[in-house]
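File shown: work_1.pdb (PDB, C-alpha atoms).
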```pdb
ATOM      1  CA  MET A   6      73.029  80.047 189.492  1.00  0.00           C
ATOM      2  CA  ILE A   7      74.352  76.720 188.233  1.00  0.00           C
ATOM      3  CA  PHE A   8      71.131  74.838 188.858  1.00  0.00           C
ATOM      4  CA  GLY A   9      69.055  77.703 187.468  1.00  0.00           C
ATOM      5  CA  GLY A  10      68.039  75.985 184.257  1.00  0.00           C
ATOM      6  CA  ALA A  11      66.818  72.851 185.977  1.00  0.00           C
ATOM      7  CA  ILE A  12      64.914  74.820 188.605  1.00  0.00           C
ATOM      8  CA  LEU A  13      63.278  77.030 186.019  1.00  0.00           C
ATOM      9  CA  PHE A  14      62.126  73.959 184.121  1.00  0.00           C
ATOM     10  CA  PHE A  15      60.277  72.665 187.171  1.00  0.00           C
ATOM     11  CA  LYS A  16      58.906  76.074 188.131  1.00  0.00           C
ATOM     12  CA  SER A  17      57.102  76.186 184.814  1.00  0.00           C
ATOM     13  CA  TYR A  18      54.624  73.973 186.706  1.00  0.00           C
ATOM     14  CA  PRO A  19      55.147  74.825 190.398  1.00  0.00           C
ATOM     15  CA  SER A  20      52.218  72.750 191.610  1.00  0.00           C
ATOM     16  CA  GLY A  21      52.499  70.038 188.958  1.00  0.00           C
ATOM     17  CA  LYS A  22      49.755  68.858 186.644  1.00  0.00           C
ATOM     18  CA  ASN A  23      48.003  65.586 187.349  1.00  0.00           C
ATOM     19  CA  ILE A  24      46.972  64.255 183.928  1.00  0.00           C
ATOM     20  CA  PRO A  25      44.632  61.229 183.720  1.00  0.00           C
ATOM     21  CA  SER A  26      46.283  57.945 182.808  1.00  0.00           C
ATOM     22  CA  LEU A  27      45.791  56.434 179.359  1.00  0.00           C
ATOM     23  CA  SER A  28      45.063  53.103 181.031  1.00  0.00           C
ATOM     24  CA  GLN A  29      41.534  51.795 180.633  1.00  0.00           C
ATOM     25  CA  ASN A  30      41.545  50.885 184.338  1.00  0.00           C
ATOM     26  CA  ASN A  31      42.241  54.363 185.677  1.00  0.00           C
ATOM     27  CA  ASN A  32      41.685  54.448 189.425  1.00  0.00           C
ATOM     28  CA  SER A  33      43.581  57.687 190.010  1.00  0.00           C
ATOM     29  CA  ILE A  34      41.960  60.700 191.602  1.00  0.00           C
ATOM     30  CA  ALA A  35      43.133  64.286 191.643  1.00  0.00           C
ATOM     31  CA  GLY A  36      46.050  64.823 194.008  1.00  0.00           C
ATOM     32  CA  ASN A  37      47.087  61.170 194.040  1.00  0.00           C
ATOM     33  CA  ILE A  38      50.033  59.795 192.112  1.00  0.00           C
ATOM     34  CA  ILE A  39      49.506  56.478 190.402  1.00  0.00           C
ATOM     35  CA  PRO A  40      51.974  53.848 191.740  1.00  0.00           C
ATOM     36  CA  GLN A  41      54.903  53.379 189.365  1.00  0.00           C
ATOM     37  CA  ASN A  42      57.238  50.553 188.464  1.00  0.00           C
ATOM     38  CA  GLN A  43      60.774  51.258 189.647  1.00  0.00           C
ATOM     39  CA  GLY A  44      62.399  50.721 186.271  1.00  0.00           C
ATOM     40  CA  THR A  45      63.188  47.907 183.865  1.00  0.00           C
ATOM     41  CA  SER A  46      66.270  45.752 183.715  1.00  0.00           C
ATOM     42  CA  SER A  47      68.313  45.971 180.527  1.00  0.00           C
ATOM     43  CA  GLY A  48      67.659  42.279 179.899  1.00  0.00           C
ATOM     44  CA  ASP A  49      63.952  42.989 179.532  1.00  0.00           C
ATOM     45  CA  SER A  50      64.355  46.012 177.284  1.00  0.00           C
ATOM     46  CA  GLN A  51      63.940  44.206 173.976  1.00  0.00           C
ATOM     47  CA  ASN A  52      60.645  42.617 174.981  1.00  0.00           C
ATOM     48  CA  SER A  53      59.435  45.867 176.560  1.00  0.00           C
ATOM     49  CA  ASN A  54      60.244  47.726 173.372  1.00  0.00           C
ATOM     50  CA  ILE A  55      58.033  45.360 171.390  1.00  0.00           C
ATOM     51  CA  LEU A  56      55.194  45.307 173.930  1.00  0.00           C
ATOM     52  CA  ASN A  57      55.080  49.085 174.300  1.00  0.00           C
ATOM     53  CA  ASN A  58      55.656  49.853 170.596  1.00  0.00           C
ATOM     54  CA  PHE A  59      58.359  52.415 171.289  1.00  0.00           C
ATOM     55  CA  SER A  60      60.303  53.809 168.367  1.00  0.00           C
ATOM     56  CA  ASP A  61      63.365  55.974 167.799  1.00  0.00           C
ATOM     57  CA  PRO A  62      63.046  59.765 168.151  1.00  0.00           C
ATOM     58  CA  LEU A  63      65.466  60.486 165.304  1.00  0.00           C
ATOM     59  CA  ASN A  64      66.642  58.661 162.202  1.00  0.00           C
ATOM     60  CA  ARG A  65      69.741  56.542 162.844  1.00  0.00           C
ATOM     61  CA  ALA A  66      69.315  57.117 166.575  1.00  0.00           C
ATOM     62  CA  SER A  67      71.644  54.267 167.574  1.00  0.00           C
ATOM     63  CA  GLU A  68      74.465  55.774 165.486  1.00  0.00           C
ATOM     64  CA  ARG A  69      74.358  59.160 167.153  1.00  0.00           C
ATOM     65  CA  ILE A  70      77.003  60.175 169.683  1.00  0.00           C
ATOM     66  CA  THR A  71      75.479  60.619 173.114  1.00  0.00           C
ATOM     67  CA  LYS A  72      77.607  63.171 174.955  1.00  0.00           C
ATOM     68  CA  LYS A  73      75.221  63.237 177.899  1.00  0.00           C
ATOM     69  CA  PRO A  74      73.645  59.843 178.606  1.00  0.00           C
ATOM     70  CA  PHE A  75      71.049  59.239 181.274  1.00  0.00           C
ATOM     71  CA  GLY A  76      72.295  59.644 184.846  1.00  0.00           C
ATOM     72  CA  ILE A  77      75.675  61.217 184.070  1.00  0.00           C
ATOM     73  CA  TYR A  78      76.820  63.766 186.664  1.00  0.00           C
ATOM     74  CA  ILE A  79      77.542  67.094 184.985  1.00  0.00           C
ATOM     75  CA  THR A  80      79.549  70.053 186.272  1.00  0.00           C
ATOM     76  CA  PRO A  81      80.777  73.103 184.365  1.00  0.00           C
ATOM     77  CA  ALA A  82      84.345  71.861 184.818  1.00  0.00           C
ATOM     78  CA  THR A  83      83.880  68.215 183.791  1.00  0.00           C
ATOM     79  CA  SER A  84      81.033  68.355 181.269  1.00  0.00           C
ATOM     80  CA  PRO A  85      81.707  66.783 177.843  1.00  0.00           C
ATOM     81  CA  VAL A  86      79.952  69.833 176.387  1.00  0.00           C
ATOM     82  CA  GLN A  87      81.697  73.185 176.752  1.00  0.00           C
ATOM     83  CA  PRO A  88      80.890  75.794 177.810  1.00  0.00           C
ATOM     84  CA  GLU A  89      78.542  74.310 180.391  1.00  0.00           C
ATOM     85  CA  LYS A  90      76.108  76.219 182.615  1.00  0.00           C
ATOM     86  CA  PHE A  91      74.330  73.354 184.390  1.00  0.00           C
ATOM     87  CA  GLN A  92      75.242  70.978 187.185  1.00  0.00           C
ATOM     88  CA  GLY A  93      73.535  67.830 188.383  1.00  0.00           C
ATOM     89  CA  TYR A  94      72.481  64.342 187.340  1.00  0.00           C
ATOM     90  CA  HIS A  95      71.142  64.260 183.787  1.00  0.00           C
ATOM     91  CA  THR A  96      67.525  63.098 183.686  1.00  0.00           C
ATOM     92  CA  GLY A  97      67.438  62.186 180.013  1.00  0.00           C
ATOM     93  CA  THR A  98      69.538  61.206 177.023  1.00  0.00           C
ATOM     94  CA  ASP A  99      70.934  63.696 174.523  1.00  0.00           C
ATOM     95  CA  PHE A 100      71.005  62.780 170.836  1.00  0.00           C
ATOM     96  CA  GLU A 101      73.603  64.727 168.839  1.00  0.00           C
ATOM     97  CA  ILE A 102      73.309  65.741 165.211  1.00  0.00           C
ATOM     98  CA  PHE A 103      75.528  64.546 162.379  1.00  0.00           C
ATOM     99  CA  PRO A 104      77.821  67.181 160.784  1.00  0.00           C
ATOM    100  CA  GLU A 105      75.697  67.334 157.641  1.00  0.00           C
ATOM    101  CA  GLU A 106      72.620  68.182 159.741  1.00  0.00           C
ATOM    102  CA  LEU A 107      74.003  71.425 161.156  1.00  0.00           C
ATOM    103  CA  ASP A 108      71.915  73.573 158.801  1.00  0.00           C
ATOM    104  CA  ALA A 109      69.358  70.952 157.776  1.00  0.00           C
ATOM    105  CA  ASP A 110      65.897  70.247 159.159  1.00  0.00           C
ATOM    106  CA  VAL A 111      66.096  67.275 161.534  1.00  0.00           C
ATOM    107  CA  SER A 112      62.724  65.690 162.235  1.00  0.00           C
ATOM    108  CA  VAL A 113      61.876  64.589 165.771  1.00  0.00           C
ATOM    109  CA  LYS A 114      59.456  61.676 165.965  1.00  0.00           C
ATOM    110  CA  ALA A 115      57.103  60.589 168.736  1.00  0.00           C
ATOM    111  CA  VAL A 116      58.653  57.608 170.522  1.00  0.00           C
ATOM    112  CA  CYS A 117      55.284  56.274 171.668  1.00  0.00           C
ATOM    113  CA  SER A 118      51.586  56.643 171.058  1.00  0.00           C
ATOM    114  CA  GLY A 119      49.847  59.083 173.359  1.00  0.00           C
ATOM    115  CA  LYS A 120      48.574  62.622 173.805  1.00  0.00           C
ATOM    116  CA  LEU A 121      50.447  65.899 173.398  1.00  0.00           C
ATOM    117  CA  LEU A 122      50.225  67.702 176.734  1.00  0.00           C
ATOM    118  CA  VAL A 123      52.540  70.672 176.286  1.00  0.00           C
ATOM    119  CA  LYS A 124      54.212  72.648 173.552  1.00  0.00           C
ATOM    120  CA  GLU A 125      55.849  75.846 174.752  1.00  0.00           C
ATOM    121  CA  TYR A 126      59.046  77.771 175.276  1.00  0.00           C
ATOM    122  CA  ALA A 127      61.030  76.912 178.435  1.00  0.00           C
ATOM    123  CA  SER A 128      64.257  78.485 179.650  1.00  0.00           C
ATOM    124  CA  GLY A 129      67.147  76.097 179.060  1.00  0.00           C
ATOM    125  CA  TYR A 130      65.318  74.187 176.316  1.00  0.00           C
ATOM    126  CA  GLY A 131      63.856  76.657 173.866  1.00  0.00           C
ATOM    127  CA  GLY A 132      60.929  74.779 172.352  1.00  0.00           C
ATOM    128  CA  VAL A 133      59.776  71.804 174.390  1.00  0.00           C
ATOM    129  CA  ALA A 134      57.016  69.244 173.885  1.00  0.00           C
ATOM    130  CA  VAL A 135      55.635  66.811 176.461  1.00  0.00           C
ATOM    131  CA  GLU A 136      53.664  63.704 175.545  1.00  0.00           C
ATOM    132  CA  LEU A 137      51.637  61.420 177.819  1.00  0.00           C
ATOM    133  CA  CYS A 138      52.292  57.733 177.091  1.00  0.00           C
ATOM    134  CA  GLU A 139      52.250  54.377 178.840  1.00  0.00           C
ATOM    135  CA  LEU A 140      55.226  52.261 179.842  1.00  0.00           C
ATOM    136  CA  GLU A 141      54.442  48.771 181.105  1.00  0.00           C
ATOM    137  CA  ASN A 142      50.844  49.797 181.876  1.00  0.00           C
ATOM    138  CA  ASN A 143      51.878  52.862 183.868  1.00  0.00           C
ATOM    139  CA  PRO A 144      51.774  56.491 182.697  1.00  0.00           C
ATOM    140  CA  ILE A 145      54.915  58.395 181.818  1.00  0.00           C
ATOM    141  CA  THR A 146      55.456  61.861 180.422  1.00  0.00           C
ATOM    142  CA  VAL A 147      57.979  62.078 177.601  1.00  0.00           C
ATOM    143  CA  VAL A 148      60.001  65.293 177.306  1.00  0.00           C
ATOM    144  CA  TYR A 149      61.347  66.404 173.923  1.00  0.00           C
ATOM    145  CA  GLY A 150      63.685  69.364 174.392  1.00  0.00           C
ATOM    146  CA  HIS A 151      65.354  71.873 172.035  1.00  0.00           C
ATOM    147  CA  LEU A 152      62.701  71.849 169.303  1.00  0.00           C
ATOM    148  CA  LYS A 153      61.766  74.695 166.992  1.00  0.00           C
ATOM    149  CA  LEU A 154      58.481  75.619 168.645  1.00  0.00           C
ATOM    150  CA  SER A 155      56.824  76.917 165.469  1.00  0.00           C
ATOM    151  CA  SER A 156      57.463  73.551 163.756  1.00  0.00           C
ATOM    152  CA  ILE A 157      55.163  71.666 166.156  1.00  0.00           C
ATOM    153  CA  ASN A 158      51.936  71.527 164.183  1.00  0.00           C
ATOM    154  CA  SER A 159      49.965  69.321 166.578  1.00  0.00           C
ATOM    155  CA  LYS A 160      47.812  71.043 169.170  1.00  0.00           C
ATOM    156  CA  THR A 161      47.743  70.212 172.859  1.00  0.00           C
ATOM    157  CA  ASN A 162      45.481  67.223 173.552  1.00  0.00           C
ATOM    158  CA  ASP A 163      46.018  65.920 170.019  1.00  0.00           C
ATOM    159  CA  SER A 164      46.722  62.201 169.757  1.00  0.00           C
ATOM    160  CA  LEU A 165      50.096  61.097 168.450  1.00  0.00           C
ATOM    161  CA  ASN A 166      51.178  57.723 167.118  1.00  0.00           C
ATOM    162  CA  ALA A 167      54.662  56.318 167.583  1.00  0.00           C
ATOM    163  CA  GLY A 168      56.713  57.488 164.613  1.00  0.00           C
ATOM    164  CA  ASP A 169      54.655  60.627 163.939  1.00  0.00           C
ATOM    165  CA  THR A 170      56.729  63.742 163.343  1.00  0.00           C
ATOM    166  CA  ILE A 171      56.401  66.154 166.269  1.00  0.00           C
ATOM    167  CA  GLY A 172      58.588  68.934 164.846  1.00  0.00           C
ATOM    168  CA  ILE A 173      62.195  69.693 163.978  1.00  0.00           C
ATOM    169  CA  LEU A 174      65.237  70.479 166.075  1.00  0.00           C
ATOM    170  CA  GLY A 175      65.829  74.135 166.819  1.00  0.00           C
ATOM    171  CA  LYS A 176      68.756  76.078 165.389  1.00  0.00           C
ATOM    172  CA  GLY A 177      71.859  75.726 167.516  1.00  0.00           C
ATOM    173  CA  TYR A 178      72.861  78.572 169.848  1.00  0.00           C
ATOM    174  CA  SER A 179      69.668  80.474 169.126  1.00  0.00           C
ATOM    175  CA  ALA A 180      66.475  81.253 171.020  1.00  0.00           C
ATOM    176  CA  GLU A 181      64.998  78.089 169.486  1.00  0.00           C
ATOM    177  CA  THR A 182      67.332  76.021 171.689  1.00  0.00           C
ATOM    178  CA  SER A 183      67.722  78.591 174.506  1.00  0.00           C
ATOM    179  CA  GLY A 184      71.314  79.129 173.415  1.00  0.00           C
ATOM    180  CA  GLU A 185      72.241  75.443 173.529  1.00  0.00           C
ATOM    181  CA  ARG A 186      73.817  73.391 170.753  1.00  0.00           C
ATOM    182  CA  LYS A 187      71.513  71.727 168.233  1.00  0.00           C
ATOM    183  CA  HIS A 188      70.517  68.368 169.728  1.00  0.00           C
ATOM    184  CA  LEU A 189      67.559  66.490 171.194  1.00  0.00           C
ATOM    185  CA  HIS A 190      67.074  66.018 174.928  1.00  0.00           C
ATOM    186  CA  LEU A 191      64.751  63.055 175.514  1.00  0.00           C
ATOM    187  CA  GLY A 192      63.440  62.370 179.013  1.00  0.00           C
ATOM    188  CA  PHE A 193      61.004  59.798 180.457  1.00  0.00           C
ATOM    189  CA  HIS A 194      59.408  60.917 183.732  1.00  0.00           C
ATOM    190  CA  LYS A 195      57.396  58.398 185.742  1.00  0.00           C
ATOM    191  CA  GLY A 196      53.769  59.218 186.405  1.00  0.00           C
ATOM    192  CA  SER A 197      51.368  61.697 184.862  1.00  0.00           C
ATOM    193  CA  ILE A 198      52.611  64.875 186.541  1.00  0.00           C
ATOM    194  CA  ILE A 199      54.518  67.075 184.107  1.00  0.00           C
ATOM    195  CA  ASN A 200      58.155  67.564 185.100  1.00  0.00           C
ATOM    196  CA  ILE A 201      60.642  68.857 182.541  1.00  0.00           C
ATOM    197  CA  LYS A 202      63.746  69.140 184.705  1.00  0.00           C
ATOM    198  CA  GLY A 203      66.910  68.475 182.737  1.00  0.00           C
ATOM    199  CA  TYR A 204      68.938  67.754 185.877  1.00  0.00           C
ATOM    200  CA  VAL A 205      68.354  66.747 189.482  1.00  0.00           C
ATOM    201  CA  VAL A 206      70.537  67.680 192.437  1.00  0.00           C
ATOM    202  CA  SER A 207      70.906  64.205 193.960  1.00  0.00           C
ATOM    203  CA  LYS A 208      71.359  60.764 192.474  1.00  0.00           C
ATOM    204  CA  SER A 209      68.292  59.578 194.355  1.00  0.00           C
ATOM    205  CA  GLY A 210      66.255  62.037 192.303  1.00  0.00           C
ATOM    206  CA  LEU A 211      66.872  59.873 189.241  1.00  0.00           C
ATOM    207  CA  SER A 212      64.440  57.306 190.679  1.00  0.00           C
ATOM    208  CA  GLU A 213      61.603  59.440 189.272  1.00  0.00           C
ATOM    209  CA  TRP A 214      62.997  58.978 185.767  1.00  0.00           C
ATOM    210  CA  VAL A 215      63.572  56.107 183.324  1.00  0.00           C
ATOM    211  CA  ASP A 216      66.568  55.712 181.026  1.00  0.00           C
ATOM    212  CA  PRO A 217      65.113  56.376 177.536  1.00  0.00           C
ATOM    213  CA  CYS A 218      67.732  54.157 175.944  1.00  0.00           C
ATOM    214  CA  LEU A 219      66.101  51.093 177.448  1.00  0.00           C
ATOM    215  CA  TYR A 220      63.335  51.732 174.913  1.00  0.00           C
ATOM    216  CA  SER A 221      64.181  54.351 172.290  1.00  0.00           C
ATOM    217  CA  CYS A 222      67.812  54.220 171.250  1.00  0.00           C
TER     218      CYS A 222
END
```
Write the structure described by the file as structure tokens, please.
Amino acid sequence: MIFGGAILFFKSYPSGKNIPSLSQNNNSIAGNIIPQNQGTSSGDSQNSNILNNFSDPLNRASERITKKPFGIYITPATSPVQPEKFQGYHTGTDFEIFPEELDADVSVKAVCSGKLLVKEYASGYGGVAVELCELENNPITVVYGHLKLSSINSKTNDSLNAGDTIGILGKGYSAETSGERKHLHLGFHKGSIINIKGYVVSKSGLSEWVDPCLYSC
């Protein structure tokens, strides 16, 4: 099923997980979703980057080719990556490796300061980590996909600082990346409920996500 990977990602947490906000003024209660901002204009991104202390997930991040940017509509026939097994609107940004990194360890860094919520294997990703952070005083969960799971030394609930090494990218076309090429999928999901979907069926579904390149490219 074309959407199988994205659906499996979400079904890892069929009822969702409501994680407390990092905000000091946390008025959320179980079952309620904290109101979110609806995004940030590109003109504000530089100031937001400074205020939120976001950093790049990989060295030379701005130089890396992004075959699948945020919001691109992917089909098996039109995808810039072949062969392609998914279809939908891309919820994150993919960071490609440089040729010399094909067989080298590529460190993935925390883009923000927060708490590690998840480190596990997920179909379509291989190793995946999820971090709880804040973006403009609202909680977000940051998804790091296609990591070598055994390289993630931090434990769940450990605190991470922006720039800390989370792990390394998994080996391309192996179980470490769930058969995908070696690259990093970075996603910012609004709110504190864990959602690791790589794609959504409708464009309106992108409203639950933030373009990572407004902050970490």
Which residue is closest to Leu174 (chain A)? Choose from A:Ser118, A:Asn142, A:Ser156, A:Gln87 and count all atoms listed in the file.
A:Ser156
Could you list the residues chosen by the PyMOL selection byres ((chain A and resi 67) around 12) in this structure as a PyMOL selection string?
chain A and resi 60-66+68-71+98-102+218-222
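The list of residues with at least one atom within 6 Å of region 176-186 of chain A, based on all atoms listed in the file and without residues fewer than 5 positions apart in the same chain, reads Gly129, Tyr130, Gly131, Gly132, His151 and Lys153 of chain A.
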Would you kindly translate the PyMOL selection byres ((chain A and resi 110) around 10) into the concrete residues it picks from this file, as a CSV table (one decimal) with C-alpha atoms, in the frame of the given file?
```
chain,number,residue,atom,x,y,z
A,106,GLU,CA,72.6,68.2,159.7
A,107,LEU,CA,74.0,71.4,161.2
A,108,ASP,CA,71.9,73.6,158.8
A,109,ALA,CA,69.4,71.0,157.8
A,111,VAL,CA,66.1,67.3,161.5
A,112,SER,CA,62.7,65.7,162.2
A,113,VAL,CA,61.9,64.6,165.8
A,153,LYS,CA,61.8,74.7,167.0
A,172,GLY,CA,58.6,68.9,164.8
A,173,ILE,CA,62.2,69.7,164.0
A,174,LEU,CA,65.2,70.5,166.1
A,175,GLY,CA,65.8,74.1,166.8
A,176,LYS,CA,68.8,76.1,165.4
```
For Phe59 (chain A), list every protein, DNA or RNA residue within 9 Å, evaluated using all atoms listed in the file, and leave out those in the same chain fewer than 5 positions away; present the list as a compact mmCIF listing (two decimals) with C-alpha atoms, keeping the file's coordinate frame.
```txt
# COMPACT_ATOMS: atom_id res chain seq x y z
CA SER A 53 59.44 45.87 176.56
CA ASN A 54 60.24 47.73 173.37
CA ALA A 115 57.10 60.59 168.74
CA VAL A 116 58.65 57.61 170.52
CA CYS A 117 55.28 56.27 171.67
CA SER A 118 51.59 56.64 171.06
CA ALA A 167 54.66 56.32 167.58
CA GLY A 168 56.71 57.49 164.61
CA TYR A 220 63.34 51.73 174.91
CA SER A 221 64.18 54.35 172.29
```
Between CA of Gly203 (chain A) and CA of Gln92 (chain A), measure the distance and give it in Å to one decimal.
9.8 Å
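The residue that comes closest to Pro74 (chain A), out of A:Val215, A:Asn143, A:Ile171, A:Ser207 and on the basis of all atoms listed in the file, is A:Val215.
Distance-wise, CA of Ile77 (chain A) and CA of Phe91 (chain A) end up 12.2 Å apart.
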To test your reading of the syntax: which residues would the PyMOL selection byres ((chain A and resi 133) around 8) return for the file shown? Reply as JSON, numbers by chain.
{"A": [123, 124, 125, 126, 127, 130, 131, 132, 134, 135, 148, 149, 150, 151, 152, 154]}
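Shortest separation to Pro144 (chain A) among A:Gly119, A:Gly210, A:Gly93, A:Gly76 occurs at residue A:Gly119, atoms counted being all atoms listed in the file.
Across the structure, CA of Ser197 (chain A) and CA of Asn58 (chain A) are spaced 19.0 Å apart.
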Can you complete the atoms of region 70-99 of chain A to N, CA and C atoms and list them as a short mmCIF file (atom, residue, chain, number, x, y, z; two decimals), in the frame of the given file?
```
data_model
loop_
_atom_site.label_atom_id
_atom_site.label_comp_id
_atom_site.auth_asym_id
_atom_site.auth_seq_id
_atom_site.Cartn_x
_atom_site.Cartn_y
_atom_site.Cartn_z
N ILE A 70 76.18 60.03 168.49
CA ILE A 70 77.00 60.18 169.68
C ILE A 70 76.14 60.75 170.80
N THR A 71 76.22 60.13 171.95
CA THR A 71 75.48 60.62 173.11
C THR A 71 76.47 61.21 174.10
N LYS A 72 76.65 62.52 174.06
CA LYS A 72 77.61 63.17 174.96
C LYS A 72 77.11 63.18 176.39
N LYS A 73 75.80 63.24 176.56
CA LYS A 73 75.22 63.24 177.90
C LYS A 73 74.18 62.12 178.01
N PRO A 74 74.61 60.94 178.42
CA PRO A 74 73.64 59.84 178.61
C PRO A 74 72.84 60.04 179.89
N PHE A 75 71.88 59.19 180.07
CA PHE A 75 71.05 59.24 181.27
C PHE A 75 71.89 59.01 182.52
N GLY A 76 71.68 59.85 183.55
CA GLY A 76 72.30 59.64 184.85
C GLY A 76 73.69 60.19 185.02
N ILE A 77 74.32 60.69 183.95
CA ILE A 77 75.68 61.22 184.07
C ILE A 77 75.67 62.45 184.97
N TYR A 78 76.71 62.59 185.79
CA TYR A 78 76.82 63.77 186.66
C TYR A 78 77.60 64.84 185.92
N ILE A 79 76.98 66.00 185.78
CA ILE A 79 77.54 67.09 184.98
C ILE A 79 77.95 68.24 185.90
N THR A 80 79.13 68.80 185.65
CA THR A 80 79.55 70.05 186.27
C THR A 80 80.12 70.93 185.17
N PRO A 81 80.18 72.24 185.38
CA PRO A 81 80.78 73.10 184.36
C PRO A 81 82.22 72.74 184.05
N ALA A 82 82.93 72.18 185.03
CA ALA A 82 84.34 71.86 184.82
C ALA A 82 84.55 70.53 184.10
N THR A 83 83.65 69.57 184.33
CA THR A 83 83.88 68.22 183.79
C THR A 83 82.94 67.83 182.65
N SER A 84 82.02 68.69 182.30
CA SER A 84 81.03 68.36 181.27
C SER A 84 81.70 68.06 179.93
N PRO A 85 81.20 67.06 179.19
CA PRO A 85 81.71 66.78 177.84
C PRO A 85 81.28 67.84 176.84
N VAL A 86 80.40 68.73 177.24
CA VAL A 86 79.95 69.83 176.39
C VAL A 86 80.44 71.14 177.01
N GLN A 87 81.17 71.92 176.25
CA GLN A 87 81.70 73.18 176.75
C GLN A 87 81.31 74.33 175.83
N PRO A 88 81.01 75.52 176.38
CA PRO A 88 80.89 75.79 177.81
C PRO A 88 79.63 75.16 178.39
N GLU A 89 79.65 74.95 179.70
CA GLU A 89 78.54 74.31 180.39
C GLU A 89 78.02 75.23 181.50
N LYS A 90 76.70 75.36 181.59
CA LYS A 90 76.11 76.22 182.62
C LYS A 90 75.29 75.46 183.65
N PHE A 91 75.15 74.12 183.47
CA PHE A 91 74.33 73.35 184.39
C PHE A 91 75.18 72.41 185.24
N GLN A 92 74.60 71.96 186.32
CA GLN A 92 75.24 70.98 187.18
C GLN A 92 74.18 70.07 187.78
N GLY A 93 74.47 68.78 187.80
CA GLY A 93 73.54 67.83 188.38
C GLY A 93 73.54 66.52 187.62
N TYR A 94 72.63 65.64 188.01
CA TYR A 94 72.48 64.34 187.34
C TYR A 94 71.49 64.49 186.18
N HIS A 95 71.92 64.07 185.01
CA HIS A 95 71.14 64.26 183.79
C HIS A 95 69.94 63.32 183.76
N THR A 96 68.75 63.88 183.59
CA THR A 96 67.53 63.10 183.69
C THR A 96 67.12 62.43 182.38
N GLY A 97 67.81 62.75 181.30
CA GLY A 97 67.44 62.19 180.01
C GLY A 97 68.65 61.73 179.24
N THR A 98 68.46 61.55 177.95
CA THR A 98 69.54 61.21 177.02
C THR A 98 69.58 62.25 175.93
N ASP A 99 70.77 62.73 175.61
CA ASP A 99 70.93 63.70 174.52
C ASP A 99 71.34 62.98 173.25
#
```
